[in-house]
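> One structure follows; several queries about it will come next.
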Amino acid sequence: MAIIAQKPKGTLDLLPASIHKWHTVEQIVKDCAQQFGFKEIRTPMFEDTSLYVRSAGDTSDVVTKEMYTVSSAGDATFTLRPEGTAGVVRAMLENGVMNEGFPQKVYYVIPCFRHDKPQAGRYRQFHQFGVEMFGSASPFADADIIMLAKSVLDGCGLENIELNLNSIGCAECRKEYHKALKEYFTARKDELCQTCLERLDKNPMRLLDCKSPICSAIAKDAPVILDYLCDDCRAHFEMLKSILDSYGVSYKVNPKIVRGLDYYTRTVFEFISNDLGAQGTVCGGGRYDGLVKELGGQPTPALGFGMGLERLIMTMENTGKDFLDPKTPDIYFAPMGQKAQMRSAQLCMEIRDEGYSAEFDVIGRGLKPQMRYADKIGAKFVCVLGDNELETSSAKIKNMRTGKETPTSLEDFKNTFSTLIIEELFALEDVNGDLESILNGLIDSEE
RNA sequence: GUGGGUAUAGCGUAGUUGGUUAACGCGUCAGAUUGUGGUUCUGAAGACCGUCGGUUCGAAUCCGACUAUCCACCCCA
């Protein structure tokens, strides 16, 4: 059998057997965002190409070589969104949400597209959890954003993660800094690599990021942005640090964090995992006070972050973290014969109407295979219906964990089952509780 | 865009210096005195050994190209 096509390079099929991992992180992410007062926003998966060129910056890697751009029949060219911020800002402006008072706080869980070469933790279609906050210039907003990211990472049980923090100043202090950088690097022009030479004029801060041994050796002694911050930016950064200190959050001031998107100002940060490969950045974000104006709105302070869900899940897998258990059916109906199948299907529908999850045989298998199937899918109860039951208008409801069978009449089926399932759900909690206390006891005695 | 590794049933693997029916585990399906799962036992289905071409009497095994995938650079989530 030859399949007609393969999935596009750098994409992932998320199969039923592991989809609960995604549900787990999506749940955590939404709970945390809502806990911090953020509301979901959904915007198109593609936007006018100029939006991304304008926001990310025409020298950024994203714009210069990673965009999926398609031309439509008309005259506009569209681009599959490479990141979430630009589209959100556009939507907030276009719908006048910025006029409805500040702060505005939104979050999203979205697929993004970037034409990179795939490798560990890097895909051409990947998923981002992101948040944006508009209208606050206060460092408390910066801290809140960082704390939200941290609470997601904590919620996922991740420990070996470091918060890297930096300030890249505002347009004013960056002007000074760029000048200093240009002077510094121009003095060593002959030693720089080709790409760095090109960057030198347009965006000298990118040179700090270069991994080539020679460039990075030169960059090591380059001027540091933190020494060039204007008074306001310096005060902002100091305040942010003391807020984080007061929360008891540890962080590392890392002058090398500069971010690849041009719109960032002042605060930039990354959460870097040590349990991933080379793509260790699980979350990256910062402040972008100039972007709203750049996209045609009133000057508005803003900030946010993006978090890579693939990387998040991968880190959890690598460190053996728990995911939510997949849901199992409350009851499985095992009919024997055609009459019984009709009645089983009816019962099954009635049980579903009560709000329980229920299945019945749709293959026409014998009883034994059905029991095996019921066990495999983790059904909590099984009801076998055959000629005997139909004649006497009765049924037995079997608890698959204890093996106990409870007789009932078909008329009373719903009531009997409701009682049984509620008892069972309590019992399951007790069992889990017991297991936990047993495990704790074991751990204690070992210590 | 630049490097390096890998490619054998749904999944994970074995396959000896090229030699004839390509092996094993998991999974799937079916049975073990005929209306009851989890353990065990038995059996079955399932692979043109990534694709194309070359060397050879003979290729899963050697060579080449292509494709996919993984890892690293780069960049970022």
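All residue names refer to the structure tokens as shown: chains lettered A, B, ... in order, residues numbered from 1 in each chain, ligands numbered from 1 in order.
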Skipping near chain neighbours, those fewer than 4 positions away, what residues fall within 12 Å of B:A65 using only C-alpha atoms (C1' of nucleotides), listed as a list in words?
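Here the qualifying residues turn out to be U51, C52, G53 and G54 of chain B.
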> Can you check which residues of stretch 22-185 of chain A DSSP gives as strand (DSSP E) on the backbone and send them as an NGL selection string?
:A and (39-40 or 46-48 or 69-71 or 77-80 or 104-113 or 125-134 or 161-167)
> The selected residues should be written to file as a PDB file, in the first residue's frame (atoms: C-alpha atoms).

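Result file follows (again.pdb):
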```pdb
ATOM      1  CA  LYS A  39      -9.105  36.732  28.079  1.00  0.00           C
ATOM      2  CA  GLU A  40      -8.747  34.675  24.952  1.00  0.00           C
ATOM      3  CA  PHE A  46      -2.786  34.484   7.939  1.00  0.00           C
ATOM      4  CA  GLU A  47      -2.404  38.221   7.646  1.00  0.00           C
ATOM      5  CA  ASP A  48      -1.373  40.796   5.114  1.00  0.00           C
ATOM      6  CA  THR A  69       3.962  33.891   1.857  1.00  0.00           C
ATOM      7  CA  VAL A  70       1.217  33.118  -0.650  1.00  0.00           C
ATOM      8  CA  SER A  71      -0.306  35.306  -3.270  1.00  0.00           C
ATOM      9  CA  THR A  77       0.005  38.798  -0.604  1.00  0.00           C
ATOM     10  CA  PHE A  78      -0.686  36.979   2.616  1.00  0.00           C
ATOM     11  CA  THR A  79       1.640  35.337   5.089  1.00  0.00           C
ATOM     12  CA  LEU A  80       0.953  32.429   7.416  1.00  0.00           C
ATOM     13  CA  GLN A 104      -6.203  45.169  27.943  1.00  0.00           C
ATOM     14  CA  LYS A 105      -5.027  41.622  28.612  1.00  0.00           C
ATOM     15  CA  VAL A 106      -5.391  38.813  26.095  1.00  0.00           C
ATOM     16  CA  TYR A 107      -4.036  35.323  25.552  1.00  0.00           C
ATOM     17  CA  TYR A 108      -4.065  32.847  22.670  1.00  0.00           C
ATOM     18  CA  VAL A 109      -3.130  29.285  21.801  1.00  0.00           C
ATOM     19  CA  ILE A 110      -2.324  29.153  18.114  1.00  0.00           C
ATOM     20  CA  PRO A 111      -0.386  27.370  15.403  1.00  0.00           C
ATOM     21  CA  CYS A 112       2.470  29.390  13.892  1.00  0.00           C
ATOM     22  CA  PHE A 113       4.496  28.795  10.750  1.00  0.00           C
ATOM     23  CA  GLN A 125       4.231  24.381  12.127  1.00  0.00           C
ATOM     24  CA  PHE A 126       4.460  24.829  15.877  1.00  0.00           C
ATOM     25  CA  HIS A 127       2.093  25.928  18.608  1.00  0.00           C
ATOM     26  CA  GLN A 128       2.387  28.936  20.784  1.00  0.00           C
ATOM     27  CA  PHE A 129       0.722  29.987  23.948  1.00  0.00           C
ATOM     28  CA  GLY A 130       1.044  33.755  24.070  1.00  0.00           C
ATOM     29  CA  VAL A 131      -0.200  36.669  26.110  1.00  0.00           C
ATOM     30  CA  GLU A 132      -0.222  40.408  25.440  1.00  0.00           C
ATOM     31  CA  MET A 133      -0.933  43.290  27.769  1.00  0.00           C
ATOM     32  CA  PHE A 134      -1.607  46.821  26.528  1.00  0.00           C
ATOM     33  CA  ILE A 161      14.439  26.146  34.101  1.00  0.00           C
ATOM     34  CA  GLU A 162      16.263  29.441  34.321  1.00  0.00           C
ATOM     35  CA  LEU A 163      14.794  32.905  33.901  1.00  0.00           C
ATOM     36  CA  ASN A 164      17.128  35.093  31.856  1.00  0.00           C
ATOM     37  CA  LEU A 165      16.451  38.787  32.081  1.00  0.00           C
ATOM     38  CA  ASN A 166      17.745  41.841  30.297  1.00  0.00           C
ATOM     39  CA  SER A 167      16.811  45.356  29.320  1.00  0.00           C
TER      40      SER A 167
END
```
> Go ahead and compute the interatomic distance for atom C1' of B:G35 and atom CA of A:Ala395, in Å to one decimal.
12.7 Å
> Please identify every residue of chain B that has at least one atom no more than 10 Å from any atom of chain A, counting only C-alpha atoms (C1' of nucleotides), and report them as a list in words.
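Output check: G1, C29, A30, G35, U36, G37, G38, A68, U69, C70, C71, A72, C73, C74, C75, C76 and A77 of chain B.
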> For the contact check between stretch 215-286 of chain A and stretch 144-147 of chain A, emit one row per residue of stretch 215-286 of chain A within 10 Å, containing the shortest atom pair and the distance in Å rounded to one decimal, counting only C-alpha atoms, chain then rising number order, as a Markdown table.

```
| residue | atom | partner | partner_atom | distance |
| --- | --- | --- | --- | --- |
| A:Leu240 | CA | A:Asp144 | CA | 9.9 |
| A:Ile243 | CA | A:Asp144 | CA | 9.6 |
| A:Leu244 | CA | A:Met147 | CA | 8.6 |
| A:Tyr247 | CA | A:Met147 | CA | 9.0 |
| A:Val249 | CA | A:Met147 | CA | 8.7 |
| A:Phe269 | CA | A:Ile146 | CA | 8.2 |
| A:Glu270 | CA | A:Ile146 | CA | 9.3 |
| A:Phe271 | CA | A:Ile146 | CA | 9.3 |
| A:Cys283 | CA | A:Ile146 | CA | 9.8 |
| A:Gly284 | CA | A:Ile146 | CA | 9.7 |
| A:Gly285 | CA | A:Ile146 | CA | 8.7 |
| A:Gly286 | CA | A:Ile145 | CA | 8.6 |
```
> I'd like the contact shell of B:A22 - 9 Å cut-off, only C-alpha atoms (C1' of nucleotides), skipping same-chain residues fewer than 3 positions apart - returned as a PDB file with C-alpha atoms (C1' of nucleotides), in the first residue's frame.

```pdb
ATOM      1  C1'   U B   8      13.741  -3.570   7.963  1.00  0.00           C
ATOM      2  C1'   G B  15      19.683  -9.769  10.668  1.00  0.00           C
ATOM      3  C1'   A B  47       7.225  -6.181   5.250  1.00  0.00           C
ATOM      4  C1'   C B  49      13.848  -4.452   3.881  1.00  0.00           C
ATOM      5  C1'   A B  60      18.035  -5.994   3.467  1.00  0.00           C
TER       6        A B  60
END
```
> A:Ala187: which residues within 12 Å, counting only C-alpha atoms (C1' of nucleotides), same-chain residues fewer than 3 positions away excluded, as a PDB file with C-alpha atoms, in the first residue's frame?

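Now in part_23.pdb:
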```
ATOM      1  CA  ALA A 180      29.003  52.728  20.866  1.00  0.00           C
ATOM      2  CA  LEU A 181      28.588  49.263  19.390  1.00  0.00           C
ATOM      3  CA  LYS A 182      29.283  50.450  15.879  1.00  0.00           C
ATOM      4  CA  GLU A 183      32.426  52.175  17.010  1.00  0.00           C
ATOM      5  CA  TYR A 184      33.552  49.129  18.893  1.00  0.00           C
ATOM      6  CA  ASP A 190      38.431  42.939   9.389  1.00  0.00           C
ATOM      7  CA  GLU A 191      37.900  40.057  11.794  1.00  0.00           C
ATOM      8  CA  LEU A 192      34.095  39.880  11.637  1.00  0.00           C
ATOM      9  CA  LEU A 197      29.427  42.808   8.584  1.00  0.00           C
ATOM     10  CA  LEU A 200      26.752  46.124  11.528  1.00  0.00           C
ATOM     11  CA  ILE A 218      35.067  40.067  20.067  1.00  0.00           C
ATOM     12  CA  ALA A 222      31.728  44.773  23.625  1.00  0.00           C
TER      13      ALA A 222
END
```
> Quick one: distance from atom CA of A:Met316 to atom CA of A:Gly157 in Å, one decimal?
7.6 Å
> For A:Ile422, please output as a PyMOL selection string all residues within 12 Å (counting only C-alpha atoms (C1' of nucleotides); exclusion window: fewer than 6 positions along the same chain).
chain A and resi 330+356+380-381+415-416+428-429
> How would the residues just picked look written out with N, CA and C atoms as an mmCIF file, in the first residue's frame?

```
data_model
loop_
_atom_site.group_PDB
_atom_site.id
_atom_site.type_symbol
_atom_site.label_atom_id
_atom_site.label_comp_id
_atom_site.auth_asym_id
_atom_site.auth_seq_id
_atom_site.Cartn_x
_atom_site.Cartn_y
_atom_site.Cartn_z
ATOM 1 N N ASP A 330 -17.652 5.627 31.047
ATOM 2 C CA ASP A 330 -18.288 5.194 32.287
ATOM 3 C C ASP A 330 -18.875 3.797 32.133
ATOM 4 N N TYR A 356 -23.378 10.887 31.019
ATOM 5 C CA TYR A 356 -22.255 9.965 31.196
ATOM 6 C C TYR A 356 -21.682 9.578 29.841
ATOM 7 N N LYS A 380 -15.536 1.742 33.046
ATOM 8 C CA LYS A 380 -15.688 1.512 34.480
ATOM 9 C C LYS A 380 -16.719 0.415 34.743
ATOM 10 N N PHE A 381 -17.770 0.383 33.894
ATOM 11 C CA PHE A 381 -18.802 -0.660 34.041
ATOM 12 C C PHE A 381 -19.071 -1.293 32.684
ATOM 13 N N ASN A 415 -31.377 4.725 36.964
ATOM 14 C CA ASN A 415 -31.200 5.039 38.380
ATOM 15 C C ASN A 415 -30.124 4.175 39.017
ATOM 16 N N THR A 416 -30.221 2.869 38.764
ATOM 17 C CA THR A 416 -29.245 1.954 39.348
ATOM 18 C C THR A 416 -27.830 2.348 38.923
ATOM 19 N N LEU A 428 -12.873 5.463 43.540
ATOM 20 C CA LEU A 428 -11.629 5.684 42.798
ATOM 21 C C LEU A 428 -10.788 6.762 43.472
ATOM 22 N N GLU A 429 -11.459 7.805 43.946
ATOM 23 C CA GLU A 429 -10.718 8.851 44.649
ATOM 24 C C GLU A 429 -10.034 8.282 45.877
#
```
> Go ahead and compute the interatomic distance for atom CA of A:Val258 and atom CA of A:Ile168, in Å to one decimal.
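That distance, rounded to one decimal, is 6.8 Å.
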> So, with only C-alpha atoms as the atoms that count, which of A:Gln298, A:Ser55, A:Thr319, A:Gln35 lies closest to A:Glu159?
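Closest to A:Glu159 of all the choices is A:Thr319.
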